[in-house]
Amino acid sequence: MATATKSKEKKQAKAGSLKLQPIGDRVVLKRDEGEERTAGGIVLPDSAKDKPARGKVISVGDGRLLDNGERSPMQVKEGDRVLFSSYAGETFKVGDDELLLMREDDILAVIDE
């Protein structure tokens with residue numbers, strides 16, 4: 001039993017340093033944190049928070065495959081802050097981080113700061 005526990009701990013430690021490379025026209029995003037308080041100063045519990053529809057691009061794929069065999073260049077790059085549709089993408093966890101995997105088409109705009 002002790003051996004099984006040790007192997008699980010090693011797998012979890014490696015998950016935190018995982019590098020994800022999306023395929024095709026997919027993008028990995030980290031969603032921004034939700035608001036902790038309302039404008040009036042009321043503290044919101046986790047169940048009442050809206051998940052923001054904006055985040056930071058962590059990794060991008062090679063681009064969509066065109067009919068002629070070439071790849072379409074991606075319009076976003078790593079580090080871009082973007083707006084996306086609320087129900088876009090698949091949510092998954094890597095270590096303690098919650099990430100989103102979505103198609104580039106689900107991104108609505110790039111935020112210039």
# chains A, B, ... in the order shown; residues from 1 in each chain; ligands from 1
$ residues_around --residues "range 24-32 of chain A" --least-positions-apart "6" --cutoff "8 Å" --atoms "only C-alpha atoms" --output "PyMOL selection string"
chain A and resi 52-65+74+97-104
$ closest_residue --among "A:Val82, A:Leu20, A:Val43, A:Val76" --to "Asp112 in chain A" --atoms "only C-alpha atoms"
A:Val82
$ residues_around --residues "Glu113 in chain A" --least-positions-apart "2" --cutoff "12 Å" --atoms "only C-alpha atoms" --output "ChimeraX atom specification"
/A:80-82,110-111
$ atom_distance --atom1 "CA of Ala88 in chain A" --atom2 "CA of Lys19 in chain A"
21.7 Å
$ atom_distance --atom1 "CA of Gln21 in chain A" --atom2 "CA of Asp105 in chain A"
17.6 Å
$ atom_distance --atom1 "CA of Lys51 in chain A" --atom2 "CA of Gly89 in chain A"
13.2 Å
$ decode --residues "range 62-98 of chain A" --atoms "N, CA and C atoms" --output "compact mmCIF listing (two decimals), in the first residue's frame"
# COMPACT_ATOMS: atom_id res chain seq x y z
N ASP A 62 -1.44 25.31 -33.49
CA ASP A 62 -0.75 25.67 -34.74
C ASP A 62 -1.62 26.43 -35.71
N GLY A 63 -2.94 26.40 -35.52
CA GLY A 63 -3.86 27.06 -36.44
C GLY A 63 -4.73 26.04 -37.15
N ARG A 64 -5.83 26.52 -37.72
CA ARG A 64 -6.77 25.65 -38.41
C ARG A 64 -6.17 25.16 -39.72
N LEU A 65 -6.40 23.90 -40.03
CA LEU A 65 -5.91 23.30 -41.28
C LEU A 65 -6.83 23.71 -42.42
N LEU A 66 -6.28 24.35 -43.44
CA LEU A 66 -7.06 24.82 -44.59
C LEU A 66 -7.19 23.70 -45.63
N ASP A 67 -8.06 23.92 -46.61
CA ASP A 67 -8.29 22.92 -47.66
C ASP A 67 -7.04 22.63 -48.49
N ASN A 68 -6.17 23.62 -48.63
CA ASN A 68 -4.96 23.42 -49.44
C ASN A 68 -3.81 22.79 -48.64
N GLY A 69 -4.06 22.43 -47.38
CA GLY A 69 -3.04 21.76 -46.56
C GLY A 69 -2.20 22.69 -45.71
N GLU A 70 -2.35 23.99 -45.89
CA GLU A 70 -1.60 24.94 -45.08
C GLU A 70 -2.37 25.24 -43.79
N ARG A 71 -1.70 25.87 -42.85
CA ARG A 71 -2.32 26.25 -41.58
C ARG A 71 -2.63 27.74 -41.59
N SER A 72 -3.82 28.08 -41.11
CA SER A 72 -4.22 29.48 -40.95
C SER A 72 -3.53 30.02 -39.70
N PRO A 73 -2.91 31.20 -39.78
CA PRO A 73 -2.24 31.73 -38.57
C PRO A 73 -3.26 32.07 -37.49
N MET A 74 -2.86 31.89 -36.24
CA MET A 74 -3.73 32.21 -35.11
C MET A 74 -3.76 33.73 -34.93
N GLN A 75 -4.93 34.26 -34.55
CA GLN A 75 -5.07 35.69 -34.33
C GLN A 75 -4.69 36.10 -32.92
N VAL A 76 -4.64 35.15 -32.00
CA VAL A 76 -4.22 35.43 -30.62
C VAL A 76 -2.87 34.78 -30.37
N LYS A 77 -2.17 35.28 -29.36
CA LYS A 77 -0.88 34.71 -29.00
C LYS A 77 -0.81 34.57 -27.48
N GLU A 78 0.17 33.84 -27.01
CA GLU A 78 0.34 33.65 -25.57
C GLU A 78 0.49 34.99 -24.88
N GLY A 79 -0.19 35.15 -23.75
CA GLY A 79 -0.11 36.38 -22.99
C GLY A 79 -1.22 37.38 -23.28
N ASP A 80 -1.97 37.19 -24.39
CA ASP A 80 -3.08 38.10 -24.72
C ASP A 80 -4.18 37.97 -23.68
N ARG A 81 -4.82 39.09 -23.37
CA ARG A 81 -6.02 39.07 -22.51
C ARG A 81 -7.21 39.16 -23.45
N VAL A 82 -8.17 38.26 -23.28
CA VAL A 82 -9.27 38.14 -24.24
C VAL A 82 -10.63 38.08 -23.55
N LEU A 83 -11.67 38.39 -24.32
CA LEU A 83 -13.07 38.19 -23.95
C LEU A 83 -13.57 36.98 -24.73
N PHE A 84 -14.38 36.15 -24.10
CA PHE A 84 -14.91 34.97 -24.78
C PHE A 84 -16.36 34.76 -24.36
N SER A 85 -17.08 33.95 -25.11
CA SER A 85 -18.48 33.70 -24.79
C SER A 85 -18.57 32.89 -23.49
N SER A 86 -19.62 33.13 -22.73
CA SER A 86 -19.75 32.57 -21.38
C SER A 86 -19.72 31.05 -21.33
N TYR A 87 -20.32 30.40 -22.30
CA TYR A 87 -20.42 28.94 -22.27
C TYR A 87 -19.39 28.26 -23.17
N ALA A 88 -18.36 28.98 -23.55
CA ALA A 88 -17.35 28.45 -24.46
C ALA A 88 -16.36 27.55 -23.72
N GLY A 89 -15.90 26.54 -24.41
CA GLY A 89 -14.79 25.74 -23.94
C GLY A 89 -15.10 24.70 -22.89
N GLU A 90 -14.10 23.89 -22.64
CA GLU A 90 -14.15 22.83 -21.64
C GLU A 90 -13.25 23.24 -20.48
N THR A 91 -13.77 23.13 -19.27
CA THR A 91 -13.01 23.46 -18.07
C THR A 91 -12.31 22.21 -17.56
N PHE A 92 -11.04 22.34 -17.18
CA PHE A 92 -10.31 21.23 -16.58
C PHE A 92 -9.30 21.79 -15.59
N LYS A 93 -8.84 20.93 -14.69
CA LYS A 93 -7.88 21.36 -13.66
C LYS A 93 -6.53 20.72 -13.94
N VAL A 94 -5.50 21.52 -13.75
CA VAL A 94 -4.11 21.05 -13.79
C VAL A 94 -3.50 21.53 -12.49
N GLY A 95 -3.28 20.61 -11.58
CA GLY A 95 -2.81 20.98 -10.25
C GLY A 95 -3.90 21.78 -9.56
N ASP A 96 -3.59 22.98 -9.11
CA ASP A 96 -4.57 23.86 -8.46
C ASP A 96 -5.20 24.84 -9.44
N ASP A 97 -4.70 24.89 -10.68
CA ASP A 97 -5.19 25.85 -11.67
C ASP A 97 -6.39 25.29 -12.42
N GLU A 98 -7.40 26.13 -12.61
CA GLU A 98 -8.55 25.77 -13.44
C GLU A 98 -8.37 26.46 -14.79
